[in-house]
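Peer 1: Structure: entry_31.txt, compact mmCIF, C-alpha atoms.
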# COMPACT_ATOMS: atom_id res chain seq x y z
CA GLU J 1121 0.00 0.00 0.00
CA MET J 1122 3.01 2.30 0.31
CA ALA J 1123 2.98 3.62 -3.27
CA LYS J 1124 -0.73 4.52 -3.06
CA ARG J 1125 -0.10 6.36 0.21
CA CYS J 1126 2.84 8.29 -1.23
CA SER J 1127 0.82 9.09 -4.35
CA ALA J 1128 -1.99 10.47 -2.16
CA VAL J 1129 0.44 13.03 -0.72
CA TYR J 1130 1.63 14.05 -4.19
CA CYS J 1131 -1.97 14.06 -5.49
CA ALA J 1132 -2.83 16.61 -2.81
CA SER J 1133 0.10 18.72 -3.99
CA ALA J 1134 -0.97 18.42 -7.65
CA ALA J 1135 -4.60 19.28 -6.80
CA ALA J 1136 -3.40 22.31 -4.83
CA GLY J 1137 -1.25 23.38 -7.78
CA GLY J 1138 -4.18 23.12 -10.20
CA PHE J 1139 -6.55 24.92 -7.84
CA GLY J 1140 -3.86 27.51 -7.15
CA GLY J 1141 -3.61 28.30 -10.86
CA LEU J 1142 -7.37 28.77 -11.10
CA LEU J 1143 -7.42 30.91 -7.96
CA ALA J 1144 -4.49 32.99 -9.22
CA PHE J 1145 -6.28 33.56 -12.55
CA GLY J 1146 -9.22 35.15 -10.71
CA LEU J 1147 -7.26 37.04 -8.06
CA ILE J 1148 -4.74 38.74 -10.33
CA LYS J 1149 -7.67 40.39 -12.13
CA ILE J 1150 -8.62 42.27 -8.95
CA ASN J 1151 -7.52 45.88 -8.90
CA ALA J 1152 -9.22 47.51 -5.93
CA HIS J 1153 -8.33 49.76 -2.97
CA GLY J 1154 -5.05 50.74 -4.63
CA TRP J 1155 -3.75 47.16 -4.72
CA GLU J 1156 -2.68 45.39 -7.90
CA GLY J 1157 -3.78 41.81 -8.56
CA TRP J 1158 -0.53 40.22 -7.45
CA ARG J 1159 -0.85 41.89 -4.03
CA TRP J 1160 -4.37 40.49 -3.61
CA LEU J 1161 -3.08 37.07 -4.67
CA PHE J 1162 -0.39 37.08 -1.97
CA ALA J 1163 -2.72 38.50 0.69
CA ILE J 1164 -5.65 36.11 0.12
CA GLU J 1165 -3.55 32.95 -0.34
CA GLY J 1166 -1.50 33.91 2.73
CA ALA J 1167 -4.68 34.52 4.75
CA LEU J 1168 -6.06 31.11 3.72
CA THR J 1169 -2.85 29.46 4.92
CA ILE J 1170 -2.88 31.29 8.26
CA CYS J 1171 -6.60 30.59 8.86
CA SER J 1172 -6.23 26.87 8.10
CA PHE J 1173 -3.39 26.46 10.62
CA PRO J 1174 -5.50 26.28 13.82
CA ILE J 1175 -7.95 23.91 12.12
CA LEU J 1176 -5.12 21.53 11.24
CA ILE J 1177 -3.73 21.71 14.78
CA ILE J 1178 -7.13 20.59 16.11
CA LEU J 1179 -7.77 17.88 13.49
CA LEU J 1180 -4.32 16.26 13.31
CA PRO J 1181 -3.93 13.53 15.96
CA ARG J 1182 -1.09 13.50 18.47
CA ASP J 1183 -0.97 9.70 18.37
CA PRO J 1184 -1.77 7.65 15.24
CA THR J 1185 -3.35 4.89 17.35
CA THR J 1186 -6.06 7.22 18.68
CA VAL J 1187 -7.17 8.96 15.47
CA TRP J 1188 -10.87 9.78 15.58
CA TRP J 1189 -11.69 8.75 12.00
CA LEU J 1190 -10.70 5.08 12.43
CA ASN J 1191 -13.12 2.47 13.76
CA ALA J 1192 -12.13 -0.18 16.34
CA ASP J 1193 -11.08 -2.80 13.75
CA GLU J 1194 -8.96 -0.31 11.82
CA ARG J 1195 -7.24 0.75 15.05
CA LYS J 1196 -6.37 -2.91 15.77
CA VAL J 1197 -4.84 -3.25 12.30
CA LEU J 1198 -2.86 -0.04 12.81
CA VAL J 1199 -1.51 -1.16 16.20
CA THR J 1200 -0.52 -4.53 14.69
CA ARG J 1201 1.32 -2.84 11.84
CA LEU J 1202 3.13 -0.42 14.12
CA THR J 1203 4.21 -3.35 16.30
CA LYS J 1204 5.43 -5.29 13.27
CA TYR J 1205 7.24 -2.30 11.73
CA PRO J 1206 8.44 -0.23 14.72
CA ASP J 1207 10.78 1.88 12.56
CA PHE J 1208 7.76 3.88 11.39
CA TYR J 1209 6.57 4.69 14.89
CA GLN J 1210 9.11 5.24 17.62
CA ASP J 1211 10.51 8.15 19.55
CA GLU J 1212 14.28 7.87 19.28
CA LYS J 1213 16.67 10.11 21.14
CA PHE J 1214 18.86 12.24 18.90
CA ALA J 1215 22.47 11.07 18.61
CA TRP J 1216 25.26 12.55 16.48
CA SER J 1217 26.67 9.05 16.05
CA GLU J 1218 23.53 8.12 14.09
CA VAL J 1219 23.96 11.19 11.88
CA LYS J 1220 27.56 10.18 11.16
CA ARG J 1221 26.51 6.59 10.48
CA SER J 1222 23.88 7.74 7.98
CA LEU J 1223 26.32 10.04 6.17
CA ILE J 1224 28.89 7.32 5.52
CA ASP J 1225 26.40 4.62 4.53
CA VAL J 1226 26.74 3.99 0.77
CA ASN J 1227 23.04 3.14 0.38
CA ASN J 1228 22.04 6.40 2.06
CA ILE J 1229 24.45 8.41 -0.11
CA LEU J 1230 22.91 6.93 -3.27
CA VAL J 1231 19.42 7.75 -1.99
CA TYR J 1232 20.53 11.32 -1.12
CA LEU J 1233 21.92 11.85 -4.61
CA TYR J 1234 18.88 10.32 -6.30
CA GLU J 1235 16.42 12.35 -4.20
CA PHE J 1236 18.38 15.58 -4.75
CA CYS J 1237 18.29 15.11 -8.54
CA VAL J 1238 14.59 14.19 -8.55
CA ASP J 1239 13.62 17.11 -6.30
CA LEU J 1240 15.74 19.55 -8.31
CA THR J 1241 13.91 18.66 -11.52
CA LEU J 1242 10.45 18.11 -10.00
CA PHE J 1243 10.28 21.30 -7.94
CA GLY J 1244 12.27 23.20 -10.54
CA ILE J 1245 9.54 22.64 -13.13
CA SER J 1246 6.63 23.12 -10.71
CA THR J 1247 8.08 26.28 -9.13
CA PHE J 1248 9.02 27.97 -12.40
CA LEU J 1249 6.19 26.59 -14.57
CA PRO J 1250 4.33 29.95 -14.73
CA SER J 1251 7.57 31.70 -15.73
CA ILE J 1252 8.31 29.05 -18.37
CA ILE J 1253 4.81 29.33 -19.85
CA LYS J 1254 4.88 33.14 -19.75
CA GLY J 1255 8.26 33.00 -21.51
CA MET J 1256 6.51 31.26 -24.39
CA GLY J 1257 4.67 34.51 -25.09
CA TYR J 1258 1.40 34.09 -23.16
CA ASN J 1259 0.01 36.90 -21.01
CA LYS J 1260 -0.26 36.58 -17.22
CA TYR J 1261 -3.93 35.50 -17.33
CA GLU J 1262 -3.38 32.79 -19.96
CA THR J 1263 -0.28 31.63 -18.07
CA GLN J 1264 -2.24 30.89 -14.88
CA LEU J 1265 -4.90 28.93 -16.76
CA LEU J 1266 -2.32 26.98 -18.77
CA THR J 1267 -0.71 25.64 -15.55
CA ILE J 1268 -3.91 23.75 -14.65
CA PRO J 1269 -3.66 20.90 -17.25
CA PHE J 1270 -0.07 20.29 -16.12
CA TYR J 1271 -1.23 19.54 -12.57
CA ALA J 1272 -4.24 17.53 -13.79
CA ILE J 1273 -1.93 15.18 -15.73
CA ALA J 1274 0.39 14.98 -12.72
CA LEU J 1275 -2.52 14.00 -10.47
CA ILE J 1276 -3.73 11.29 -12.86
CA SER J 1277 -0.17 9.97 -13.24
CA PHE J 1278 0.31 9.73 -9.47
CA ILE J 1279 -2.90 7.72 -9.09
CA ILE J 1280 -2.11 5.31 -11.94
CA VAL J 1281 1.53 4.71 -10.97
CA GLY J 1282 0.70 4.33 -7.26
CA TYR J 1283 -2.05 1.82 -8.01
CA PHE J 1284 -0.03 -0.37 -10.36
CA SER J 1285 3.14 -0.15 -8.27
CA ASP J 1286 1.28 -1.62 -5.30
CA ARG J 1287 -0.63 -4.12 -7.42
CA PHE J 1288 2.56 -5.60 -8.91
CA GLN J 1289 4.64 -4.91 -5.77
CA HIS J 1290 7.28 -3.33 -7.98
CA ARG J 1291 8.98 0.06 -7.54
CA GLY J 1292 12.18 0.43 -9.55
CA GLY J 1293 10.68 0.01 -13.02
CA PHE J 1294 8.11 2.73 -12.41
CA LEU J 1295 10.83 5.07 -11.16
CA ILE J 1296 12.93 4.42 -14.27
CA ILE J 1297 9.94 5.01 -16.60
CA GLY J 1298 9.19 8.29 -14.80
CA LEU J 1299 12.81 9.43 -15.09
CA ILE J 1300 12.87 8.60 -18.82
CA PHE J 1301 9.76 10.74 -19.37
CA GLU J 1302 11.36 13.52 -17.35
CA ILE J 1303 14.57 13.47 -19.40
CA ILE J 1304 12.63 13.48 -22.69
CA GLY J 1305 10.48 16.39 -21.47
CA TYR J 1306 13.48 18.50 -20.47
CA VAL J 1307 15.29 17.79 -23.75
CA ILE J 1308 12.24 18.90 -25.78
CA LEU J 1309 11.72 21.97 -23.56
CA VAL J 1310 15.31 23.11 -24.02
CA THR J 1311 15.68 22.34 -27.75
CA ALA J 1312 12.26 22.94 -29.34
CA ASP J 1313 11.17 26.25 -30.86
CA SER J 1314 7.49 25.41 -31.29
CA LEU J 1315 5.25 26.68 -28.47
CA GLY J 1316 3.09 23.56 -28.68
CA ALA J 1317 6.11 21.27 -28.38
CA ARG J 1318 7.48 23.19 -25.40
CA TYR J 1319 4.13 23.15 -23.60
CA PHE J 1320 3.84 19.41 -24.35
CA ALA J 1321 7.36 18.99 -22.91
CA CYS J 1322 6.19 20.54 -19.62
CA MET J 1323 3.47 17.89 -19.48
Write out the structure in this file as structure tokens.

Peer 2:
Amino acid sequence: EMAKRCSAVYCASAAAGGFGGLLAFGLIKINAHGWEGWRWLFAIEGALTICSFPILIILLPRDPTTVWWLNADERKVLVTRLTKYPDFYQDEKFAWSEVKRSLIDVNNILVYLYEFCVDLTLFGISTFLPSIIKGMGYNKYETQLLTIPFYAIALISFIIVGYFSDRFQHRGGFLIIGLIFEIIGYVILVTADSLGARYFACM
């Protein structure tokens, strides 16, 4: 079930990105009380974040075994899993020796390098996507709307890959396929002149 759970986290991020583009499209058109649209965008999205904070503090459980949305049987399953896999649920004391041990472990170093490269490309494209699309010649309103399909495809991809990864209990092949798509997309984005090809490359 791990891939589906991870994909749920990324799906939430993709849904937020798509909704954010739609929200930005509406908010940047506001020009009232001496504030330009971008100021309203920052103020309203910031206010939503601040207002949601106390709600999350109340709703998020302090202990996973006492969450209010699970029934008795589900709690039993959770306790059994946490007992079987204690690494996911334990309160370890901090020790510099463990930090040192993790930094010289070859497996960890490979994971660090892999994750750094993936995050650099993933968050690079998602962070600068509006700038990339605007650089293709679209205005600021079109740019915000054109980010939405990007996140919709990302959301669908997360669901499909997470489902089949768990179904076949296979991880590496799906990672390699994703990386191949990513490399192809970046190559097209950097080398193509056609606006359609560059937008497709972002997808």

Peer 1: Quote the spacing between CA of Leu1168 in chain J and CA of Ile1148 in chain J in Å to one decimal place.

Peer 2: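 Those two atoms sit 16.0 Å apart.
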
Peer 1: What's the 7 Å shell around Ala1123 in chain J, counting only C-alpha atoms, without same-chain residues fewer than 3 positions away, as a list in words?

Peer 2: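 Result of the neighbour search: Cys1126, Ser1127, Gly1282, Ser1285 and Asp1286 of chain J.
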
Peer 1: Write out as CSV the residues of range 1215-1250 of chain J that have any atom within 9 Å of an atom of range 1295-1313 of chain J, one row each with the nearest atom pair and its distance in Å to one decimal, counting all atoms listed in the file, sorted by chain and then rising number.

Peer 2:
residue,atom,partner,partner_atom,distance
J:Val1238,CA,J:Leu1299,CA,8.3
J:Thr1241,CA,J:Glu1302,CA,8.2
J:Leu1242,CA,J:Glu1302,CA,8.7

Peer 1: Please report the interatomic distance between CA of Tyr1130 in chain J and CA of Ala1163 in chain J in Å with one decimal.

Peer 2: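 If I compute the distance from CA of Tyr1130 in chain J to CA of Ala1163 in chain J, I get 25.3 Å.
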
Peer 1: For a test of reading the model, state the distance in Å between CA of Gly1257 in chain J and CA of Cys1322 in chain J, rounded to one decimal.

Peer 2: 15.1 Å

Peer 1: Near Ser1251 in chain J, within 12 Å and counting all atoms listed in the file, which residues show up once chain neighbours fewer than 4 positions away are dropped, as a ChimeraX atom specification?

Peer 2: /J:1244-1247,1255-1260,1262-1264,1266-1267,1322

Peer 1: Which one is closest to Gly1138 in chain J: J:Glu1194, J:Ile1279, J:Pro1269, J:Phe1320? Count only C-alpha atoms.

Peer 2: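 Of all the options, J:Pro1269 lies closest to Gly1138 in chain J.
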